[in-house]
Structure formats: structure tokens, C-alpha cells
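Chemist: Structure in C-alpha cells, see below.
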Amino acid sequence: MLERPKLLLVVAQSGRMLAQSAAREGYQVRVADCFGDVDTLNVADRYLKLPPPNKANLHKWLQVIIRLSDDQPCCLIFGTGIESFYPLLAELPPHISYIGSSLNSIEQLSTPTKWIGLLENLGLPHPSTRFTKGQLFEGKWLAKSVGAWGGSHIIAADSATQNSDVYFQQQIEGISASVLFLANGNDFRVLLFNRQFPVNPAIADFSLQAIGNGLLLNEQQQHIIQDALQKLTKHLGLSGLMSLDFMVDAAGEIFLLEINPRPTASCQLLAKDSPLIRWQLLSSASHLPEIPIELASRKRLLWFCFAPHKITIPAEFDWPDYCFDLSAAGSIIEAGDILCSLLLEHNNADPDHFDGHAFANKLIENLSVSA
């Protein structure tokens with residue numbers, strides 16, 4: 001029987017999703033993240049703020065994690081940011097137990113040369129990739145930053161300068177997608193196929209605008225994804241909740257992009273009572289828990305609401321129930337920054353026109369009027 005941890009640490013660029021799940025499941029949870037949103041603080045037993053997520057702050061992140069533990073035995077679940085900060089896992093003190101894939105596995109997933117080499121060795125489809133800018137690109141190519149997330153780091157290859165933190169991939173035009181899955185080191189379970197919506201790829205803005213569940217793939221496409229997950233899980237010993245991003249081109253061909261080795265934002269598209277923390281703990285102890293077949297009976301859309309201009313959060317603002325990641329009254333959200341996230345369902349939106357623009361625009365209007 002897996003022992004239930006008495007104390008859980010959640011560390012991420014934004015820890016709200018995991019913190020809420022932990023509190024709902026009855027865990028004592030302490031959180032360190034970069035925002036300190038109201039709905040995070042409401043469920044955290046203790047909170048510490050992290051410095052900005054750049055590699056220069058790796059040691060500072062480690063210090064915050066150790067302070068958060070207060071030298072008590074605890075389990076650590078890492079969210080967004082582990083792609084860049086995974087080296088600190090090797091420096092955790094003995095009283096902090098990391099729950100997730102091994103340091104070696106995360107390093108292989110987060111190092112483009114190793115990741116692409118692995119895909120090639122396993123015979124898995126992926127875009128053409130280069131690690132230098134020494135020759136002219138034929139067709140559309142993109143420059144991507146190593147250890148980054150969220151899509152904002154992706155730019156046209158011709159606009160990039162060569163350095164060790166950038167690599168280049170041929171642009172695949174089509175449907176941007178992901179599969180949320182749970183692995184136990186040897187086997188896996190697919191939880192959701194999702195579609196991802198970048199802000200505006202036509203002008204090279206690949207920032208993630210939204211994620212929606214219910215992506216339909218044909219039998220052959222599903223087989224390709226299942227085969228990839230099986231090979232990668234066994235080869236790397238993957239464990240825990242994570243997602244694989246991929247593209248589907250106009251001909252229906254699949255191209256694997258990356259694995260995010262952590263519970264991703266798409267977990268919010270599952271049924272609201274899904275025990276994310278229990279699944280993470282069990283799978284990391286080599287168990288695959290029984291999971292309901294109908295994980296998401298409703299169509300859900302997670303929409304990231306960007307501020308179109310500078311916004312000051314009004315006092316006592318009445319946030320709609322579908323808003324999350326809420327800044328405190330008086331907070332200043334600069335133009336282009338994330339204002340909040342919206343979790344929409346079909347009972348919130350017209351199924352034939354299911355997006356977040358109208359909800360985001362109305363929210364911004366109400367915030368401006370109330371200010």
C-alpha cells in the first residue's frame with residue numbers, strides 16, 4: 001500500500017492547478033510559484049514566491065524549495081519550469097522526495113540533441129531539425145529555445161541569431177495537438193487527445209492561446225501515437241502525468257514535437273474531480289491506477305486571456321466562476337501578459353462557435369469599467 005505523504009510541495013511557474021487538486025484531495029500543500037494568485041493562496045498552507053524562471057535563478061529556486069519544506073519530510077511535485085530547472089533535482093536534500101520521471105529521463109526529453117536522436121533511433125516521425133544555422137533554409141523553418149514552454153519562444157528561423165540555447169525545426173502547417181497520458185515506467189494510459197490553438201501563427205506568434213479536449217484522430221493516427229508513447233515510456237522509464245505535443249499536417253501525417261515531463265495545463269480538461277495528485281503518486285510508484293473510461297464527458301476549452309493593454313485589478317471585482325489564476329486587487333497586468341485563464345464548457349458557450357474571445361473581451365470590458 002502506497003504511503004500517503006503528510007506534506008506535499010508544489011513548485012511551478014504557476015502552481016494553482018496542482019495546489020487546488022492537492023487541497024481537494026485532502027493533502028497539506030505548500031506552494032512556490034512566480035505569481036501568488038488569489039486562488040493559489042486560498043488553498044496553500046504556506047506560500048513562497050519564486051524568482052523569474054530563467055536558468056540564472058536555478059540555485060535560487062532550489063533555496064526556495066528547501067525553505068518551503070522547513071526541513072520536514074515531504075513529496076515534491078514539479079509543474080511548469082522543470083524543463084529548464086531539472087538539474088536542481090540532483091541537489092535536493094534527502095527529506096524531499098521528488099515525484100515524477102527520473103532526472104536522466106527529463107534531461108533526455110529537455111535536451112534537443114538527445115531528444116531528436118532518440119526519436120531517430122526509435123524510428124518515430126518528427127520535423128526535420130538542425131542545431132546550427134550554417135546553411136540556408138528551404139521552406140519555412142522555426143527557431144525554438146531550449147528548455148522553454150508556452151510557445152512564446154518560437155520565432156521564424158531567419159529572425160534568430162545562432163547560440164547554444166536555440167535549435168531549428170521545419171515548420172509543419174496543420175493542426176497543433178497534444179496527448180495527455182499517465183505512465184508508470186513501463187506502461188501508460190492515454191487520458192485525452194487535445195487540440196492546441198496558438199495566438200496567430202500567420203504572424204509567427206506561437207504563444208499558446210487555448211487548449212480544447214475531444215480531438216478526433218483516425219485509427220492509424222492513434223496507432224502512431226500509441227506506438228510512440230509505448231516506445232518512449234519503456235525506453236526512458238517515464239512516470240507520472242505528462243503530455244506529448246505533435247502536429248497533424250494536411251495529409252494526416254503525424255510529427256512528434258516534444259514531451260512536457262510534468263502535469264500540464266491540459267489536466268484541467270479532465271473531469272473536475274480527477275485525482276491528479278493520487279495518479280501522480282501511484283504512477284511514480286510503478287502503479288497504473290484504474291481510470292474511468294469517460295474522463296471528459298463534456299467539451300472543455302482552457303483559454304489564456306492576455307491583457308490587450310495595461311490593466312489594474314479593481315477592488316472587490318466579481319470574477320466569473322470560469323476564471324482562474326486570479327490576481328489580487330491592485331495588481332497591475334501589463335499589456336501582453338496573462339490576465340487569467342478561462343475554463344469554459346458547452347454550458348458556457350455555443351457548441352458551434354466554441355472559443356474564448358467573447359468571454360475574454362467581456363471580462364476585459366468589465367475590468368476596465370470597474371477600475
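Labeling convention for the C-alpha cells: chains A, B, ... as they appear, residues from 1 per chain, ligands from 1 in order of appearance.
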Sort by chain and increasing residue number a table of all residues of stretch 145-194 of chain A within 9 Å of stretch 82-102 of chain A, each with its closest pair of atoms and their distance in Å to one decimal, counting only C-alpha atoms, and write it as a tab-separated table.
Modeler:
residue	atom	partner	partner_atom	distance
A:Val146	CA	A:Ser84	CA	7.9
A:Gly147	CA	A:Ser84	CA	4.6
A:Ala148	CA	A:Glu83	CA	6.8
A:Trp149	CA	A:Glu83	CA	7.9
A:Asn184	CA	A:Ser101	CA	9.0
A:Gly185	CA	A:Ser101	CA	8.0
Chemist: Store the residues of this selection in a file with N, CA, C and O atoms, as a compact mmCIF listing (two decimals), in the first residue's frame.
Modeler:
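Result written to part.txt:
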# COMPACT_ATOMS: atom_id res chain seq x y z
N VAL A 146 15.78 26.27 -26.16
CA VAL A 146 15.92 25.06 -25.36
C VAL A 146 15.33 25.28 -23.97
O VAL A 146 15.52 26.33 -23.36
N GLY A 147 14.58 24.30 -23.48
CA GLY A 147 14.05 24.36 -22.12
C GLY A 147 12.96 25.38 -21.92
O GLY A 147 12.70 25.80 -20.78
N ALA A 148 12.29 25.78 -22.99
CA ALA A 148 11.23 26.79 -22.89
C ALA A 148 9.87 26.12 -22.99
O ALA A 148 9.75 24.92 -23.25
N TRP A 149 8.82 26.91 -22.83
CA TRP A 149 7.47 26.37 -22.87
C TRP A 149 6.49 27.48 -23.23
O TRP A 149 6.82 28.66 -23.22
N ASN A 184 3.83 4.69 -15.93
CA ASN A 184 4.33 4.13 -14.67
C ASN A 184 5.72 3.54 -14.80
O ASN A 184 6.14 2.71 -13.99
N GLY A 185 6.47 3.94 -15.83
CA GLY A 185 7.82 3.43 -16.04
C GLY A 185 7.91 2.32 -17.05
O GLY A 185 8.96 2.09 -17.64
Chemist: Which residues of stretch 93-175 of chain A sit at most 12 Å from stretch 208-213 of chain A, using only C-alpha atoms? Give each one's shortest atom pair and distance in Å (one decimal place), in chain and ascending residue order, as a Markdown table.
Modeler:
| residue | atom | partner | partner_atom | distance |
| --- | --- | --- | --- | --- |
| A:Trp149 | CA | A:Leu208 | CA | 9.2 |
| A:Gly150 | CA | A:Leu208 | CA | 5.6 |
| A:Gly151 | CA | A:Leu208 | CA | 5.7 |
| A:Ser152 | CA | A:Leu208 | CA | 7.4 |
| A:His153 | CA | A:Leu208 | CA | 10.6 |
| A:Ile154 | CA | A:Leu208 | CA | 10.7 |
| A:Ile175 | CA | A:Ile211 | CA | 11.9 |
Chemist: Go through stretch 149-175 of chain A and flag each residue having an atom no more than 7 Å from stretch 125-141 of chain A; for those, report the closest pair of atoms plus their distance in Å to one decimal, using only C-alpha atoms, ordered by chain and rising number, as CSV.
Modeler:
residue,atom,partner,partner_atom,distance
A:Ala156,CA,A:Trp141,CA,6.3
A:Ala157,CA,A:Trp141,CA,5.3
A:Gln162,CA,A:Lys133,CA,6.2
A:Tyr167,CA,A:Phe131,CA,4.7
A:Phe168,CA,A:Arg130,CA,5.1
A:Gln169,CA,A:Thr129,CA,4.4
A:Gln170,CA,A:Trp141,CA,4.2
A:Gln171,CA,A:Trp141,CA,4.9
Chemist: Keeping only N, CA, C and O atoms, write the selected residues to a file as a compact mmCIF listing (two decimals), in the first residue's frame.
Modeler:
# COMPACT_ATOMS: atom_id res chain seq x y z
N ALA A 156 10.40 32.87 -36.31
CA ALA A 156 10.87 32.46 -37.63
C ALA A 156 12.38 32.26 -37.60
O ALA A 156 13.11 33.07 -37.00
N ALA A 157 12.87 31.20 -38.23
CA ALA A 157 14.30 30.87 -38.16
C ALA A 157 15.18 31.99 -38.69
O ALA A 157 16.27 32.25 -38.16
N GLN A 162 22.26 32.69 -33.96
CA GLN A 162 22.78 31.39 -33.56
C GLN A 162 23.36 31.46 -32.15
O GLN A 162 24.21 32.31 -31.86
N TYR A 167 17.57 25.95 -31.31
CA TYR A 167 17.66 24.94 -32.36
C TYR A 167 16.60 25.24 -33.41
O TYR A 167 15.70 26.08 -33.18
N PHE A 168 16.66 24.58 -34.54
CA PHE A 168 15.82 24.94 -35.68
C PHE A 168 15.03 23.72 -36.18
O PHE A 168 15.58 22.62 -36.30
N GLN A 169 13.73 23.94 -36.45
CA GLN A 169 12.88 22.87 -36.97
C GLN A 169 12.06 23.37 -38.15
O GLN A 169 11.63 24.53 -38.18
N GLN A 170 11.86 22.47 -39.11
CA GLN A 170 10.99 22.79 -40.23
C GLN A 170 9.57 22.99 -39.71
O GLN A 170 9.08 22.22 -38.88
N GLN A 171 8.92 24.04 -40.18
CA GLN A 171 7.56 24.33 -39.74
C GLN A 171 6.59 23.37 -40.41
O GLN A 171 6.56 23.23 -41.63
Chemist: Check the smallest atom-to-atom distance from each of A:Ala56, A:Leu270, A:Ala360, A:Leu8 to A:Glu25 using only C-alpha atoms, then report the winner.
Modeler: A:Leu8
Chemist: Here is a test: counting only C-alpha atoms, which residue of A:Leu58, A:Asp321, A:Leu326, A:Gly356 is nearest to A:Asn42?
Modeler: A:Leu326
Chemist: From the list A:Arg189, A:Lys55, A:Lys272, A:Arg195, which residue is nearest A:Gln226 when using only C-alpha atoms?
Modeler: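 Selected residue with least distance to A:Gln226: A:Arg189.
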Chemist: Could you check which of A:Ser243, A:Asn361, A:Gln196, A:Gln222 is closest to A:Ala307, using only C-alpha atoms?
Modeler: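 Of A:Ser243, A:Asn361, A:Gln196, A:Gln222, the one nearest A:Ala307 is A:Asn361, counting only C-alpha atoms.
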